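This is structure08.pdb. It holds PDB, C-alpha atoms, pLDDT in the B column.
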```pdb
MODEL        1
ATOM      1  CA  MET A   1     101.070 120.766  66.467  1.00 83.00           C
ATOM      2  CA  SER A   2     101.123 122.623  69.742  1.00 93.00           C
ATOM      3  CA  TRP A   3     100.764 120.984  73.159  1.00 95.00           C
ATOM      4  CA  GLN A   4      97.267 122.477  73.333  1.00 96.00           C
ATOM      5  CA  ASP A   5      96.395 120.725  70.065  1.00 96.00           C
ATOM      6  CA  TYR A   6      97.365 117.381  71.609  1.00 97.00           C
ATOM      7  CA  VAL A   7      95.233 118.090  74.675  1.00 97.00           C
ATOM      8  CA  LYS A   8      92.302 119.043  72.432  1.00 97.00           C
ATOM      9  CA  GLN A   9      92.767 115.820  70.478  1.00 97.00           C
ATOM     10  CA  LEU A  10      92.235 113.842  73.690  1.00 97.00           C
ATOM     11  CA  THR A  11      89.134 115.780  74.720  1.00 97.00           C
ATOM     12  CA  ASP A  12      87.753 115.504  71.172  1.00 96.00           C
ATOM     13  CA  GLN A  13      88.029 111.722  71.574  1.00 97.00           C
ATOM     14  CA  GLY A  14      85.713 111.903  74.571  1.00 96.00           C
ATOM     15  CA  LEU A  15      88.015 112.309  77.560  1.00 97.00           C
ATOM     16  CA  ASN A  16      86.530 114.829  79.978  1.00 95.00           C
ATOM     17  CA  GLY A  17      89.911 116.316  80.895  1.00 97.00           C
ATOM     18  CA  ALA A  18      93.466 116.174  79.610  1.00 98.00           C
ATOM     19  CA  ALA A  19      96.885 117.686  80.226  1.00 98.00           C
ATOM     20  CA  ILE A  20     100.519 117.406  79.312  1.00 98.00           C
ATOM     21  CA  LEU A  21     102.983 117.952  82.127  1.00 98.00           C
ATOM     22  CA  GLY A  22     106.758 118.043  82.354  1.00 97.00           C
ATOM     23  CA  ASN A  23     108.041 114.722  83.668  1.00 95.00           C
ATOM     24  CA  SER A  24     110.847 116.277  85.715  1.00 94.00           C
ATOM     25  CA  ASP A  25     108.757 118.680  87.804  1.00 95.00           C
ATOM     26  CA  GLY A  26     105.095 118.117  86.901  1.00 96.00           C
ATOM     27  CA  GLY A  27     104.829 121.644  85.493  1.00 96.00           C
ATOM     28  CA  VAL A  28     101.835 122.193  83.216  1.00 97.00           C
ATOM     29  CA  TRP A  29     102.727 122.438  79.517  1.00 97.00           C
ATOM     30  CA  SER A  30      99.078 122.425  78.468  1.00 97.00           C
ATOM     31  CA  ILE A  31      95.770 121.625  80.154  1.00 97.00           C
ATOM     32  CA  SER A  32      92.129 121.484  79.085  1.00 97.00           C
ATOM     33  CA  ASN A  33      89.700 123.904  80.651  1.00 95.00           C
ATOM     34  CA  THR A  34      87.848 120.880  82.067  1.00 94.00           C
ATOM     35  CA  LEU A  35      90.756 119.697  84.227  1.00 96.00           C
ATOM     36  CA  THR A  36      92.326 121.417  87.200  1.00 95.00           C
ATOM     37  CA  LEU A  37      95.507 120.574  89.072  1.00 96.00           C
ATOM     38  CA  LYS A  38      95.803 121.861  92.610  1.00 95.00           C
ATOM     39  CA  ALA A  39      99.151 123.001  93.961  1.00 94.00           C
ATOM     40  CA  GLY A  40     101.628 120.129  94.154  1.00 96.00           C
ATOM     41  CA  GLU A  41      99.551 117.579  92.237  1.00 97.00           C
ATOM     42  CA  GLY A  42     101.629 117.794  89.055  1.00 97.00           C
ATOM     43  CA  ARG A  43     104.845 117.394  91.067  1.00 97.00           C
ATOM     44  CA  ALA A  44     103.353 114.452  92.981  1.00 97.00           C
ATOM     45  CA  LEU A  45     102.449 112.718  89.711  1.00 97.00           C
ATOM     46  CA  ALA A  46     105.932 113.288  88.282  1.00 97.00           C
ATOM     47  CA  ASP A  47     107.435 111.929  91.520  1.00 96.00           C
ATOM     48  CA  LEU A  48     105.147 108.898  91.337  1.00 96.00           C
ATOM     49  CA  PHE A  49     106.847 107.887  88.083  1.00 96.00           C
ATOM     50  CA  LYS A  50     110.138 107.598  90.012  1.00 95.00           C
ATOM     51  CA  ASN A  51     108.612 104.739  92.019  1.00 95.00           C
ATOM     52  CA  PRO A  52     105.405 103.788  90.184  1.00 95.00           C
ATOM     53  CA  SER A  53     104.510 100.879  92.473  1.00 94.00           C
ATOM     54  CA  ASN A  54     103.661 103.499  95.115  1.00 95.00           C
ATOM     55  CA  VAL A  55     100.456 104.189  93.171  1.00 97.00           C
ATOM     56  CA  PHE A  56      98.976 101.058  94.750  1.00 97.00           C
ATOM     57  CA  VAL A  57      99.447 102.597  98.209  1.00 96.00           C
ATOM     58  CA  SER A  58      99.000 106.325  97.616  1.00 95.00           C
ATOM     59  CA  GLY A  59      96.741 106.428  94.559  1.00 96.00           C
ATOM     60  CA  ILE A  60      96.670 109.463  92.257  1.00 96.00           C
ATOM     61  CA  THR A  61      95.206 112.800  93.316  1.00 96.00           C
ATOM     62  CA  ILE A  62      93.913 115.193  90.649  1.00 95.00           C
ATOM     63  CA  ASN A  63      91.959 118.331  91.591  1.00 93.00           C
ATOM     64  CA  GLY A  64      91.751 117.063  95.157  1.00 94.00           C
ATOM     65  CA  GLU A  65      90.078 113.802  94.073  1.00 95.00           C
ATOM     66  CA  LYS A  66      91.891 110.597  94.929  1.00 97.00           C
ATOM     67  CA  TYR A  67      91.889 107.769  92.396  1.00 98.00           C
ATOM     68  CA  MET A  68      92.751 104.215  93.449  1.00 98.00           C
ATOM     69  CA  GLY A  69      95.922 102.999  91.726  1.00 97.00           C
ATOM     70  CA  ILE A  70      95.256 100.088  89.353  1.00 97.00           C
ATOM     71  CA  LYS A  71      98.414 100.109  87.203  1.00 97.00           C
ATOM     72  CA  GLY A  72     101.883 101.395  87.872  1.00 97.00           C
ATOM     73  CA  ASP A  73     105.012 100.859  85.812  1.00 96.00           C
ATOM     74  CA  GLN A  74     107.828 102.982  84.373  1.00 94.00           C
ATOM     75  CA  GLN A  75     105.691 104.047  81.408  1.00 96.00           C
ATOM     76  CA  SER A  76     102.085 104.189  82.653  1.00 98.00           C
ATOM     77  CA  ILE A  77     100.141 104.882  85.819  1.00 98.00           C
ATOM     78  CA  TYR A  78      96.370 104.421  85.967  1.00 98.00           C
ATOM     79  CA  GLY A  79      93.814 105.239  88.637  1.00 97.00           C
ATOM     80  CA  LYS A  80      90.112 104.504  89.042  1.00 97.00           C
ATOM     81  CA  LYS A  81      87.292 106.162  90.948  1.00 97.00           C
ATOM     82  CA  GLY A  82      83.743 104.949  90.469  1.00 95.00           C
ATOM     83  CA  GLN A  83      83.028 104.595  86.762  1.00 95.00           C
ATOM     84  CA  GLY A  84      85.755 107.071  85.803  1.00 96.00           C
ATOM     85  CA  GLY A  85      89.484 107.235  86.086  1.00 97.00           C
ATOM     86  CA  ILE A  86      92.843 108.722  85.198  1.00 98.00           C
ATOM     87  CA  VAL A  87      95.288 107.400  82.614  1.00 98.00           C
ATOM     88  CA  THR A  88      98.831 108.778  82.535  1.00 98.00           C
ATOM     89  CA  ALA A  89     101.714 107.866  80.246  1.00 98.00           C
ATOM     90  CA  LYS A  90     105.283 109.098  80.479  1.00 98.00           C
ATOM     91  CA  THR A  91     107.213 110.283  77.446  1.00 97.00           C
ATOM     92  CA  ASN A  92     110.875 111.286  77.182  1.00 97.00           C
ATOM     93  CA  GLN A  93     110.159 114.731  78.606  1.00 97.00           C
ATOM     94  CA  GLY A  94     106.478 114.841  79.487  1.00 97.00           C
ATOM     95  CA  ILE A  95     103.502 113.093  81.020  1.00 98.00           C
ATOM     96  CA  VAL A  96     100.244 112.765  79.098  1.00 98.00           C
ATOM     97  CA  VAL A  97      97.210 112.807  81.394  1.00 98.00           C
ATOM     98  CA  GLY A  98      93.674 111.853  80.461  1.00 98.00           C
ATOM     99  CA  ARG A  99      90.602 111.746  82.695  1.00 98.00           C
ATOM    100  CA  TYR A 100      87.532 109.787  81.653  1.00 97.00           C
ATOM    101  CA  ASN A 101      84.017 109.267  82.990  1.00 96.00           C
ATOM    102  CA  GLU A 102      81.312 106.665  82.430  1.00 95.00           C
ATOM    103  CA  THR A 103      80.836 107.726  78.790  1.00 95.00           C
ATOM    104  CA  VAL A 104      84.254 106.362  77.780  1.00 96.00           C
ATOM    105  CA  GLN A 105      85.394 102.778  78.233  1.00 95.00           C
ATOM    106  CA  PRO A 106      88.578 102.542  80.345  1.00 95.00           C
ATOM    107  CA  GLY A 107      90.325 100.583  77.587  1.00 96.00           C
ATOM    108  CA  ASN A 108      89.567 103.299  75.047  1.00 97.00           C
ATOM    109  CA  ALA A 109      90.827 106.004  77.407  1.00 97.00           C
ATOM    110  CA  ALA A 110      94.067 104.076  77.856  1.00 98.00           C
ATOM    111  CA  LEU A 111      94.399 103.593  74.102  1.00 97.00           C
ATOM    112  CA  TYR A 112      93.961 107.323  73.391  1.00 98.00           C
ATOM    113  CA  VAL A 113      96.512 108.408  76.007  1.00 98.00           C
ATOM    114  CA  GLU A 114      99.049 105.665  75.250  1.00 98.00           C
ATOM    115  CA  LYS A 115      98.917 106.238  71.476  1.00 98.00           C
ATOM    116  CA  LEU A 116      99.462 109.970  71.923  1.00 98.00           C
ATOM    117  CA  ALA A 117     102.333 109.312  74.340  1.00 98.00           C
ATOM    118  CA  ASP A 118     103.906 106.918  71.803  1.00 98.00           C
ATOM    119  CA  TYR A 119     103.627 109.569  69.095  1.00 97.00           C
ATOM    120  CA  ILE A 120     105.162 112.255  71.300  1.00 97.00           C
ATOM    121  CA  ARG A 121     107.935 109.868  72.408  1.00 96.00           C
ATOM    122  CA  ASP A 122     108.664 108.886  68.791  1.00 96.00           C
ATOM    123  CA  ASN A 123     109.088 112.589  67.999  1.00 95.00           C
ATOM    124  CA  GLY A 124     111.729 113.100  70.657  1.00 93.00           C
ATOM    125  CA  TYR A 125     109.639 114.520  73.469  1.00 95.00           C
TER
ENDMDL
END
```
Translate this structure into structure tokens?
Amino acid sequence: MSWQDYVKQLTDQGLNGAAILGNSDGGVWSISNTLTLKAGEGRALADLFKNPSNVFVSGITINGEKYMGIKGDQQSIYGKKGQGGIVTAKTNQGIVVGRYNETVQPGNAALYVEKLADYIRDNGY
């Protein structure tokens, strides 16, 4: 499967935006056409994984929208805004990003992103 296939898998599950980024620099490997990263946002997310507890102070910014940090550890960083949110999970080389809205339960969004990240991690990436 290509990186774009993984992103499509997430959007097919109901997420309204998804991406896979490099975990060293936040560079975009693949992104859905329903998600946009402004300059520096990928890098900022990658840097956040170096000190994930900072998410509780700085939040996560995607496409200029700031999400309040609700979880931050070495493997996962989550943010919430209104009834939607952002779920991110780090793999060996990448970061899986999923954005959800009110049509998807936060727990389901986390499950979709975390399971894909586990699969990618188990396959060496």
Surrounding residues of Leu35 of chain A excluding itself and chain neighbours under 4 positions, 10 Å, all atoms listed in the file, as a ChimeraX atom specification: /A:16-19,31,62-63,97-99
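You will find atom CA of Leu21 of chain A at 20.8 Å from atom CA of Ile70 of chain A.
Here atom CA of Lys81 of chain A is placed at a distance of 19.6 Å from atom CA of Glu114 of chain A.
For Val104 of chain A, the residues within 12 Å (counting all atoms listed in the file, excluding itself and residues fewer than 2 positions away along the chain) are A:Leu10, A:Thr11, A:Asp12, A:Gln13, A:Gly14, A:Leu15, A:Asn16, A:Gly17, A:Gln83, A:Gly84, A:Gly85, A:Ile86, A:Gly98, A:Arg99, A:Tyr100, A:Asn101, A:Glu102, A:Pro106, A:Gly107, A:Asn108, A:Ala109, A:Ala110, A:Leu111, A:Tyr112.
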Computed interatomic separation between atom CA of Val96 of chain A and atom CA of Gly82 of chain A (Å): 21.5 Å
10 Å contact set for Gln75 of chain A, all atoms listed in the file, chain neighbours under 6 positions out, as a list in words: Phe49, Pro52, Thr88, Ala89, Lys90, Thr91, Asn92, Ile95, Glu114 and Ala117 of chain A
Best match for closeness to Tyr6 of chain A among A:Asn51, A:Gln105, A:Asn23, A:Ser32, counting all atoms listed in the file: A:Ser32
Using only C-alpha atoms, which of A:Gly22, A:Gly64, A:Gly69, A:Gly79 sits nearest Asp47 of chain A? A:Gly22
Using the chain letters and numbers from this file, what does the PyMOL selection byres ((chain A and resi 3) around 9) select? Give the answer as a compact mmCIF listing (two decimals) with C-alpha atoms, in the frame of the given file.
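Done, and the output landed in result-v4.txt:
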```
# COMPACT_ATOMS: atom_id res chain seq x y z
CA MET A 1 101.07 120.77 66.47
CA SER A 2 101.12 122.62 69.74
CA GLN A 4 97.27 122.48 73.33
CA ASP A 5 96.40 120.72 70.06
CA TYR A 6 97.36 117.38 71.61
CA VAL A 7 95.23 118.09 74.68
CA LYS A 8 92.30 119.04 72.43
CA ALA A 19 96.88 117.69 80.23
CA ILE A 20 100.52 117.41 79.31
CA TRP A 29 102.73 122.44 79.52
CA SER A 30 99.08 122.42 78.47
CA ILE A 31 95.77 121.62 80.15
```
Closest of A:Gly27, A:Leu48, A:Gly94, A:Thr103 to Tyr125 of chain A - atom-to-atom distances counting only C-alpha atoms: A:Gly94
Kindly compute an axis-aligned box around the listed atoms of segment 5-13 of chain A, allowing 4 Å on each side, and express its centre and edge lengths in Å to one decimal as AutoDock Vina command-line options.
```
--center_x 92.6 --center_y 116.2 --center_z 72.4 --size_x 17.6 --size_y 17.0 --size_z 12.7
```
To verify the selection step, state as a ChimeraX atom specification which residues the PyMOL selection byres ((chain A and resi 39) around 12) yields on this input. /A:26-28,36-38,40-45,61-64
